[in-house]
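Enquirer: Next comes query-v6.json, JSON, C-alpha atoms:
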[["chain", "number", "residue", "atom", "x", "y", "z"],
["R", 10, "MET", "CA", -14.76, 25.22, 14.18],
["R", 11, "ILE", "CA", -13.17, 23.90, 11.00],
["R", 12, "CYS", "CA", -13.91, 20.17, 11.28],
["R", 13, "LYS", "CA", -17.27, 18.71, 12.22],
["R", 14, "SER", "CA", -15.69, 16.38, 14.76],
["R", 15, "ASN", "CA", -15.02, 17.14, 18.42],
["R", 16, "LYS", "CA", -11.70, 15.27, 18.13],
["R", 17, "PRO", "CA", -8.48, 17.20, 17.63],
["R", 18, "ARG", "CA", -7.70, 17.62, 13.96],
["R", 19, "ASN", "CA", -5.14, 15.28, 12.42],
["R", 20, "ALA", "CA", -3.72, 17.01, 9.32],
["R", 21, "ASP", "CA", -2.71, 13.78, 7.56],
["R", 22, "ALA", "CA", -6.08, 12.14, 8.20],
["R", 23, "THR", "CA", -7.89, 15.27, 7.06],
["R", 24, "LYS", "CA", -5.84, 15.46, 3.85],
["R", 25, "GLU", "CA", -6.55, 11.80, 3.14],
["R", 26, "ALA", "CA", -10.28, 12.28, 3.80],
["R", 27, "ILE", "CA", -10.33, 15.26, 1.42],
["R", 28, "LEU", "CA", -8.44, 13.31, -1.22],
["R", 29, "GLU", "CA", -10.75, 10.30, -0.95],
["R", 30, "ALA", "CA", -13.85, 12.50, -1.11],
["R", 31, "ALA", "CA", -12.39, 14.30, -4.15],
["R", 32, "ARG", "CA", -11.59, 11.06, -5.96],
["R", 33, "ILE", "CA", -15.15, 9.85, -5.52],
["R", 34, "ALA", "CA", -16.70, 13.22, -6.42],
["R", 35, "PHE", "CA", -14.52, 13.64, -9.52],
["R", 36, "SER", "CA", -15.35, 10.07, -10.59],
["R", 37, "GLU", "CA", -19.07, 10.73, -10.24],
["R", 38, "LYS", "CA", -19.29, 14.29, -11.60],
["R", 39, "GLY", "CA", -15.99, 15.30, -13.20],
["R", 40, "ILE", "CA", -13.95, 18.33, -12.28],
["R", 41, "ASP", "CA", -16.55, 20.84, -13.52],
["R", 42, "GLY", "CA", -19.49, 19.09, -11.87],
["R", 43, "VAL", "CA", -18.36, 19.36, -8.27],
["R", 44, "GLY", "CA", -17.27, 22.21, -6.05],
["R", 45, "VAL", "CA", -14.71, 22.49, -3.28],
["R", 46, "ARG", "CA", -17.45, 22.95, -0.68],
["R", 47, "GLU", "CA", -19.16, 19.74, -1.73],
["R", 48, "ILE", "CA", -15.88, 17.83, -1.48],
["R", 49, "ALA", "CA", -15.12, 19.39, 1.91],
["R", 50, "GLU", "CA", -18.57, 18.47, 3.20],
["R", 51, "ALA", "CA", -18.11, 14.86, 2.09],
["R", 52, "ALA", "CA", -14.73, 14.84, 3.85],
["R", 53, "GLY", "CA", -16.26, 16.31, 7.00],
["R", 54, "CYS", "CA", -14.32, 19.55, 7.02],
["R", 55, "ASN", "CA", -14.41, 23.18, 5.94],
["R", 56, "ALA", "CA", -13.62, 24.21, 2.36],
["R", 57, "ALA", "CA", -10.78, 26.39, 3.68],
["R", 58, "LEU", "CA", -8.87, 23.20, 4.51],
["R", 59, "VAL", "CA", -9.13, 21.99, 0.93],
["R", 60, "ASN", "CA", -7.49, 25.18, -0.23],
["R", 61, "ARG", "CA", -4.92, 25.12, 2.59],
["R", 62, "TYR", "CA", -3.83, 21.53, 1.91],
["R", 63, "PHE", "CA", -4.20, 21.42, -1.87],
["R", 64, "GLY", "CA", -4.29, 25.03, -3.10],
["R", 65, "GLY", "CA", -7.58, 24.76, -4.98],
["R", 66, "LYS", "CA", -9.72, 22.43, -7.05],
["R", 67, "GLU", "CA", -7.31, 21.95, -9.97],
["R", 68, "GLN", "CA", -4.45, 21.07, -7.62],
["R", 69, "LEU", "CA", -6.78, 18.71, -5.74],
["R", 70, "PHE", "CA", -7.70, 17.10, -9.07],
["R", 71, "ALA", "CA", -3.98, 16.67, -9.84],
["R", 72, "ALA", "CA", -3.43, 15.09, -6.41],
["R", 73, "ALA", "CA", -6.40, 12.75, -6.96],
["R", 74, "LEU", "CA", -4.76, 11.52, -10.16],
["R", 75, "VAL", "CA", -1.44, 10.55, -8.58],
["R", 76, "GLY", "CA", -1.12, 6.79, -8.93],
["R", 77, "ALA", "CA", -4.72, 6.47, -10.13],
["R", 78, "PHE", "CA", -3.85, 4.60, -13.31],
["R", 79, "ASP", "CA", -1.02, 2.54, -11.83],
["R", 80, "MET", "CA", -1.30, -1.09, -12.87],
["R", 81, "SER", "CA", 2.39, -1.82, -12.63],
["R", 82, "GLN", "CA", 1.68, -4.92, -10.51],
["R", 83, "LEU", "CA", 0.78, -6.64, -13.78],
["R", 84, "LEU", "CA", 4.30, -5.96, -15.04],
["R", 85, "GLU", "CA", 5.67, -8.23, -12.31],
["R", 86, "LEU", "CA", 4.21, -11.15, -14.23],
["R", 87, "PRO", "CA", 6.15, -12.94, -16.96],
["R", 88, "LYS", "CA", 5.38, -11.38, -20.34],
["R", 89, "ASP", "CA", 3.54, -14.49, -21.50],
["R", 90, "GLN", "CA", 1.04, -14.10, -18.60],
["R", 91, "PHE", "CA", 0.47, -10.34, -18.80],
["R", 92, "ALA", "CA", -2.19, -10.31, -21.54],
["R", 93, "GLU", "CA", -4.34, -12.94, -19.85],
["R", 94, "ALA", "CA", -4.09, -11.18, -16.48],
["R", 95, "MET", "CA", -4.88, -7.77, -18.01],
["R", 96, "ALA", "CA", -7.87, -9.21, -19.89],
["R", 97, "ALA", "CA", -9.15, -10.87, -16.71],
["R", 98, "TYR", "CA", -8.83, -7.54, -14.90],
["R", 99, "MET", "CA", -10.65, -5.71, -17.69],
["R", 100, "VAL", "CA", -13.67, -8.03, -17.74],
["R", 101, "SER", "CA", -13.86, -8.26, -13.95],
["R", 102, "LYS", "CA", -14.05, -4.48, -13.53],
["R", 103, "ARG", "CA", -17.39, -3.26, -12.26],
["R", 104, "THR", "CA", -18.52, 0.22, -11.35],
["R", 105, "GLU", "CA", -20.37, 1.17, -8.23],
["R", 106, "HIS", "CA", -21.56, 4.46, -6.88],
["R", 107, "LYS", "CA", -19.43, 6.14, -4.25],
["R", 108, "THR", "CA", -16.18, 4.54, -5.40],
["R", 109, "PHE", "CA", -13.14, 6.00, -7.07],
["R", 110, "ASP", "CA", -12.77, 5.10, -10.70],
["R", 111, "PRO", "CA", -9.97, 6.86, -12.62],
["R", 112, "MET", "CA", -11.52, 6.14, -16.01],
["R", 113, "PHE", "CA", -14.80, 7.80, -15.02],
["R", 114, "LEU", "CA", -12.82, 10.65, -13.49],
["R", 115, "ALA", "CA", -11.12, 11.14, -16.87],
["R", 116, "LEU", "CA", -14.24, 10.67, -18.99],
["R", 117, "ARG", "CA", -16.33, 13.03, -16.88],
["R", 118, "SER", "CA", -13.64, 15.70, -17.02],
["R", 119, "ILE", "CA", -12.96, 15.40, -20.74],
["R", 120, "PHE", "CA", -14.25, 18.86, -21.66],
["R", 121, "ASN", "CA", -11.99, 20.66, -19.21],
["R", 122, "PRO", "CA", -8.71, 21.21, -21.11],
["R", 123, "SER", "CA", -6.58, 21.67, -17.97],
["R", 124, "ALA", "CA", -7.97, 18.54, -16.38],
["R", 125, "MET", "CA", -7.50, 16.48, -19.53],
["R", 126, "GLU", "CA", -3.90, 17.64, -19.81],
["R", 127, "LEU", "CA", -3.31, 16.45, -16.24],
["R", 128, "VAL", "CA", -4.92, 13.09, -17.11],
["R", 129, "ARG", "CA", -2.85, 12.81, -20.29],
["R", 130, "GLN", "CA", 0.36, 13.52, -18.38],
["R", 131, "GLU", "CA", -0.50, 11.01, -15.64],
["R", 132, "ILE", "CA", -1.26, 8.28, -18.17],
["R", 133, "GLN", "CA", 1.83, 9.07, -20.24],
["R", 134, "THR", "CA", 4.17, 9.06, -17.26],
["R", 135, "HIS", "CA", 2.69, 6.27, -15.16],
["R", 136, "VAL", "CA", 1.23, 3.95, -17.77],
["R", 137, "THR", "CA", 2.54, 4.40, -21.30],
["R", 138, "ASP", "CA", 6.16, 5.16, -20.38],
["R", 139, "VAL", "CA", 6.25, 2.42, -17.73],
["R", 140, "TYR", "CA", 4.79, -0.19, -20.08],
["R", 141, "ALA", "CA", 7.07, 0.94, -22.92],
["R", 142, "SER", "CA", 10.16, 0.43, -20.77],
["R", 143, "TRP", "CA", 8.89, -3.06, -19.87],
["R", 144, "LEU", "CA", 8.24, -4.15, -23.45],
["R", 145, "ASP", "CA", 10.94, -5.58, -25.73],
["R", 146, "GLY", "CA", 11.50, -4.94, -29.42],
["R", 147, "GLU", "CA", 10.49, -2.15, -31.74],
["R", 148, "ASN", "CA", 7.73, 0.44, -31.40],
["R", 149, "ARG", "CA", 7.54, -0.02, -27.64],
["R", 150, "GLN", "CA", 6.00, 3.42, -27.00],
["R", 151, "LEU", "CA", 3.34, 2.86, -29.65],
["R", 152, "ARG", "CA", 2.55, -0.66, -28.42],
["R", 153, "ALA", "CA", 2.28, 0.58, -24.84],
["R", 154, "ALA", "CA", -0.11, 3.30, -25.98],
["R", 155, "MET", "CA", -2.15, 0.69, -27.85],
["R", 156, "ILE", "CA", -2.48, -1.39, -24.67],
["R", 157, "GLY", "CA", -3.87, 1.69, -22.94],
["R", 158, "SER", "CA", -6.17, 2.55, -25.83],
["R", 159, "LEU", "CA", -7.57, -0.99, -25.91],
["R", 160, "PHE", "CA", -8.36, -0.71, -22.20],
["R", 161, "ALA", "CA", -9.94, 2.75, -22.66],
["R", 162, "GLY", "CA", -11.95, 1.67, -25.69],
["R", 163, "PHE", "CA", -13.25, -1.42, -23.95],
["R", 164, "TYR", "CA", -14.18, 0.67, -20.93],
["R", 165, "LEU", "CA", -15.94, 3.25, -23.07],
["R", 166, "SER", "CA", -17.90, 0.59, -24.96],
["R", 167, "ARG", "CA", -18.89, -1.32, -21.85],
["R", 168, "PHE", "CA", -19.61, 1.39, -19.30],
["R", 169, "VAL", "CA", -20.43, 4.54, -21.24],
["R", 170, "MET", "CA", -22.03, 3.36, -24.47],
["R", 171, "CYS", "CA", -23.38, 0.23, -22.73],
["R", 172, "SER", "CA", -22.76, -1.94, -25.77],
["R", 173, "GLU", "CA", -24.80, -5.13, -25.51],
["R", 174, "SER", "CA", -21.93, -7.04, -27.12],
["R", 175, "MET", "CA", -19.66, -5.95, -24.29],
["R", 176, "GLY", "CA", -22.11, -6.87, -21.51],
["R", 177, "PHE", "CA", -21.04, -8.83, -18.46],
["R", 178, "GLU", "CA", -22.77, -11.95, -19.75],
["R", 179, "HIS", "CA", -20.09, -12.09, -22.50],
["R", 180, "ASP", "CA", -17.09, -12.05, -20.15],
["R", 181, "GLU", "CA", -16.09, -15.65, -20.90],
["R", 182, "THR", "CA", -15.90, -14.86, -24.62],
["R", 183, "LEU", "CA", -14.44, -11.36, -24.26],
["R", 184, "ALA", "CA", -11.54, -12.27, -21.97],
["R", 185, "PRO", "CA", -9.73, -14.60, -24.41],
["R", 186, "LEU", "CA", -10.31, -12.20, -27.33],
["R", 187, "LEU", "CA", -8.88, -9.30, -25.31],
["R", 188, "ALA", "CA", -5.95, -11.45, -24.19],
["R", 189, "LYS", "CA", -5.10, -12.39, -27.80],
["R", 190, "THR", "CA", -5.14, -8.76, -28.88],
["R", 191, "LEU", "CA", -3.11, -7.63, -25.87],
["R", 192, "GLN", "CA", -0.56, -10.37, -26.48],
["R", 193, "ILE", "CA", 0.04, -9.03, -29.99],
["R", 194, "TYR", "CA", 1.05, -5.69, -28.46],
["R", 195, "VAL", "CA", 3.23, -7.40, -25.86],
["R", 196, "GLU", "CA", 5.08, -9.49, -28.45],
["R", 197, "GLY", "CA", 5.30, -6.71, -31.02]]
Take the structure in the file and give it back as structure tokens.
Expert:
Amino acid sequence: MICKSNKPRNADATKEAILEAARIAFSEKGIDGVGVREIAEAAGCNAALVNRYFGGKEQLFAAALVGAFDMSQLLELPKDQFAEAMAAYMVSKRTEHKTFDPMFLALRSIFNPSAMELVRQEIQTHVTDVYASWLDGENRQLRAAMIGSLFAGFYLSRFVMCSESMGFEHDETLAPLLAKTLQIYVEG
């Protein structure tokens, strides 16, 4: 028996369960901190199915990244509203156990060169390049990268280094400061 359920196996549902379990596991432990068997167990199936559907842990990691950093919905806003919306999103972000968080997935996989290259490519293609094409004026690629680096730096300060200055109790002060900085990058 491959799956723990008595129900007939649904390949699409099994793939999605594996992918969701992998996203959570990679967010909690990084690519090197979790094994295929652990992911399969969390998904309720045999490790052989992980390899059959995804080809192995690195390919599963790559699949878990697809769309993970997509915040293109913010680009539907007028440019003069983007910075405020992005800042509001940044300060409202909370982390909880057993949830997928692409930034923790990236941070916890930072010492695996293959994984970090996949993260870099995903961010370049689906964040930096998308934002750069949306921006007007000069240095669009650089400004788009700066938007991403501001987000990453804020995240690192708040959730990894646990900076007291970046604590949740400062959200009302942080949001407008972040919005002003982001708007500089938007306007160029």
Enquirer: Given the choices R:Gly197, R:Gly44, R:Gly39, R:Gly176, which gets closest to Pro111 of chain R if the distance is worked out from all atoms listed in the file?
Expert: R:Gly39
Enquirer: If you take only C-alpha atoms and a cut-off of 12 Å, which residues of segment 62-154 of chain R touch segment 159-171 of chain R, and what are their nearest atom pairs and distances in Å to one decimal, in chain and number order, as a tab-separated table?
Expert:
residue	atom	partner	partner_atom	distance
R:Phe78	CA	R:Phe160	CA	11.3
R:Met80	CA	R:Phe160	CA	11.7
R:Ala92	CA	R:Phe160	CA	11.4
R:Met95	CA	R:Phe160	CA	8.9
R:Ala96	CA	R:Phe160	CA	8.8
R:Ala97	CA	R:Phe160	CA	11.6
R:Tyr98	CA	R:Phe160	CA	10.0
R:Met99	CA	R:Phe160	CA	7.1
R:Val100	CA	R:Phe163	CA	9.1
R:Ser101	CA	R:Tyr164	CA	11.3
R:Lys102	CA	R:Tyr164	CA	9.0
R:Arg103	CA	R:Phe168	CA	8.7
R:Thr104	CA	R:Phe168	CA	8.1
R:Glu105	CA	R:Phe168	CA	11.1
R:Asp110	CA	R:Tyr164	CA	11.2
R:Pro111	CA	R:Ala161	CA	10.8
R:Met112	CA	R:Ala161	CA	7.6
R:Phe113	CA	R:Val169	CA	9.0
R:Ala115	CA	R:Ala161	CA	10.3
R:Leu116	CA	R:Leu165	CA	8.6
R:Arg117	CA	R:Val169	CA	10.4
R:Ile132	CA	R:Ala161	CA	11.2
R:Val136	CA	R:Phe160	CA	11.5
R:Arg152	CA	R:Leu159	CA	10.4
R:Ala153	CA	R:Leu159	CA	10.0
R:Ala154	CA	R:Leu159	CA	8.6
Enquirer: Using only C-alpha atoms, please write the residues we just selected to a file, as a short mmCIF file (atom, residue, chain, number, x, y, z; two decimals), in the frame of the given file.
Expert:
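So the final result, stored in selection-v3.cif, reads:
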data_model
loop_
_atom_site.label_atom_id
_atom_site.label_comp_id
_atom_site.auth_asym_id
_atom_site.auth_seq_id
_atom_site.Cartn_x
_atom_site.Cartn_y
_atom_site.Cartn_z
CA PHE R 78 -3.85 4.60 -13.31
CA MET R 80 -1.30 -1.09 -12.87
CA ALA R 92 -2.19 -10.31 -21.54
CA MET R 95 -4.88 -7.77 -18.01
CA ALA R 96 -7.87 -9.21 -19.89
CA ALA R 97 -9.15 -10.87 -16.71
CA TYR R 98 -8.83 -7.54 -14.90
CA MET R 99 -10.65 -5.71 -17.69
CA VAL R 100 -13.67 -8.03 -17.74
CA SER R 101 -13.86 -8.26 -13.95
CA LYS R 102 -14.05 -4.48 -13.53
CA ARG R 103 -17.39 -3.26 -12.26
CA THR R 104 -18.52 0.22 -11.35
CA GLU R 105 -20.37 1.17 -8.23
CA ASP R 110 -12.77 5.10 -10.70
CA PRO R 111 -9.97 6.86 -12.62
CA MET R 112 -11.52 6.14 -16.01
CA PHE R 113 -14.80 7.80 -15.02
CA ALA R 115 -11.12 11.14 -16.87
CA LEU R 116 -14.24 10.67 -18.99
CA ARG R 117 -16.33 13.03 -16.88
CA ILE R 132 -1.26 8.28 -18.17
CA VAL R 136 1.23 3.95 -17.77
CA ARG R 152 2.55 -0.66 -28.42
CA ALA R 153 2.28 0.58 -24.84
CA ALA R 154 -0.11 3.30 -25.98
#
Enquirer: Can you work out the spacing between atom CA of Glu37 of chain R and atom CA of Leu74 of chain R in Å, to one decimal?
Expert: 14.3 Å
Enquirer: R:Cys54, R:Ser123, R:Ala31, R:Ala188: which is nearest Asn19 of chain R, counting only C-alpha atoms?
Expert: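 Of R:Cys54, R:Ser123, R:Ala31, R:Ala188, the one nearest Asn19 of chain R, counting only C-alpha atoms, is R:Cys54.
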Enquirer: Counting all atoms listed in the file, I want the residues whose atoms come within 12 Å of (9.1, -1.1, -21.4) in the file frame, returned as a list of chain:residue names.
Expert: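 Within the cut-off we find R:Ser81, R:Leu84, R:Lys88, R:His135, R:Val136, R:Thr137, R:Asp138, R:Val139, R:Tyr140, R:Ala141, R:Ser142, R:Trp143, R:Leu144, R:Asp145, R:Gly146, R:Glu147, R:Asn148, R:Arg149, R:Gln150, R:Leu151, R:Arg152, R:Ala153, R:Ala154, R:Tyr194, R:Val195, R:Glu196, R:Gly197.
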Enquirer: Which of these residues is nearest to Arg61 of chain R, using all atoms listed in the file: R:Ala20, R:Gly76, R:Glu47, R:Thr134?
Expert: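 The closest residue to Arg61 of chain R is R:Ala20.
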Enquirer: Give me the residues within 12 Å of segment 25-27 of chain R as a ChimeraX atom specification, counting all atoms listed in the file and dropping any in the same chain fewer than 4 places off.
Expert: /R:12,18-21,31-35,45-63,65-66,69-70,72-73
Enquirer: If I take atom CA of Leu83 of chain R and atom CA of Leu28 of chain R, how far is one from the other in Å, to one decimal?
Expert: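 Atom-to-atom, atom CA of Leu83 of chain R and atom CA of Leu28 of chain R are spaced 25.3 Å apart.
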Enquirer: Work out how far atom CA of Ser158 of chain R is from atom CA of Lys38 of chain R, in Å to one decimal.
Expert: 22.6 Å
Enquirer: Between R:Pro87, R:Glu181, R:Met155, R:Ala71, single out the one closest to Arg129 of chain R, counting all atoms listed in the file.
Expert: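 Selected residue with least distance to Arg129 of chain R: R:Ala71.
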